[in-house]
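Take a look at the structure below.
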Amino acid sequence: MEEATQLWKEKIRIEIEELQRILEEEKYHILSSLERQQREILHNIRQNVTELVKQRSSLTALQTEIAGRCQLTDLELLKDIKSTLNRYDSLEVLRSKLNSPELEINLQSFKQQYNSLQEAIYVLIETFSKELEWNHSFNFKEIVAAELDWRQVQRFSRVVFLDSSTASRWINVSEDLKGAIAQIETDVEDTPDRYDEWPCVLGRERLTSGKHYWEVQVGDAKEWKLGVCDETANRRGDITVAPYRGYWAVGRKSEDIYISYTSPSQTPLSPSMPLRTVGIFLDIEAGRVAFYNLEQRTLLFCFPRYPLPRTLRPYFCTWDLTSPLLII
């Protein structure tokens, strides 16, 4: 049995190395294309900046001339109107270049291709993990559960507080910064850091390295999400919760439906009893985000290993007006 296990481990190692090679090649081709576009965009920006500097000098000279012309007679002033209008026309040409839709289209294309790359890499990793489980005689989830035993990850417990400056107008944060509950819309200062449409809030802690574990009591809340997110992930408008968009989360959608927000589709979860307390474990160097059912002290779900962003923050979201999420 031990020999067979070692053989499977070696096979997994070889297949993972092959996957990494494929991913590296794909990443190289896509990043090369993105870098080329980036160079073109930067070149256009530098050209526009150079032109701006020239035009600013022209404007300064024009301002000086106008000041001098205030002393001219009407006839002398009329003679210079044509040259003044010609200079104005050149400024209009520059303004049209700076407001060019082409520059905006290039920037949007760069962003879309980057997001597509992130999604493609994650889907490939997740598909590979499922194929391992389908095609081999061992239970891949059991191996992961053994690696991430709750008693082991609990050693990395840390204190987590909520950051009220990120809370949307649909969520109320307790004074001790340990609880969050949905609320009727209230007036709050709208800032770029704040969620504007979803009842979400981030943890105050910025996690950049190491292993971290914290627990959240969800109680009787009927609809919620918990996890971590990239500090730079979108917080405005309708949010896509998925790893390729910078969110690693699990949640409850209704009375009996629990899911993990994987991509390209969500993965159903089947706890044997309603979740009341959830443990969250993050291993940044290993690219691990795992969740625990603390009623049974078992692994609930673990996302496939994935290169994590530079800075992550705890993520909380709830639509329940009666039962809060509590950090314990």
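Ligands are numbered from 1 in the order shown, residues from 1 within each chain, and chains are lettered A, B, ... in the order they appear in the structure tokens.
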
*Thr262 in chain A surroundings by only C-alpha atoms, 10 Å radius, close-in-sequence under 4 positions cut, as a PyMOL selection string*: chain A and resi 122-123+126+241-244+247-250+266-268+303-304

*Hey, what's within 8 Å of Pro324 in chain A if we count only C-alpha atoms and toss same-chain stuff fewer than 3 positions away? As JSON, numbers by chain, please?*
{"A": [179, 180, 181, 182, 218, 219, 221, 318, 320, 321]}

*Please provide the set of residues having any atom within 9 Å of range 287-292 of chain A, restricted to only C-alpha atoms, with same-chain residues fewer than 5 positions apart removed, written as number ranges by chain.*
A: 148, 150, 215, 227-228, 248-250, 277-282, 297-308

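CA of Ser165 in chain A to CA of Glu205 in chain A spans 12.8 Å [interatomic distance, one decimal].
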
_Using DSSP assignments from the backbone, pull out every residue in range 193-271 of chain A that falls under strand (DSSP E or B) and give it to me as a ChimeraX atom specification._
/A:200-203,207,211-217,224-230,247-252,258-260,267-269

*Skip Leu226 in chain A itself and residues of its chain fewer than 3 positions away, then list as a PyMOL selection string all residues within 8 Å of it, counting only C-alpha atoms.*
chain A and resi 249-251+314-317

Suppose we keep C-alpha atoms; can you now write the selection as a short mmCIF file (atom, residue, chain, number, x, y, z; two decimals), in the first residue's frame?
data_model
loop_
_atom_site.label_atom_id
_atom_site.label_comp_id
_atom_site.auth_asym_id
_atom_site.auth_seq_id
_atom_site.Cartn_x
_atom_site.Cartn_y
_atom_site.Cartn_z
CA ALA A 249 -14.91 32.68 -0.69
CA VAL A 250 -17.55 30.22 0.43
CA GLY A 251 -21.09 31.10 1.38
CA PRO A 314 -10.31 39.09 5.12
CA TYR A 315 -13.63 39.41 3.30
CA PHE A 316 -17.17 39.46 4.78
CA CYS A 317 -20.56 39.84 3.13
#

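Nearest residue to Ser209 in chain A among A:Lys253, A:Arg310, A:Arg235, A:Arg194 is A:Arg310, counting only C-alpha atoms.
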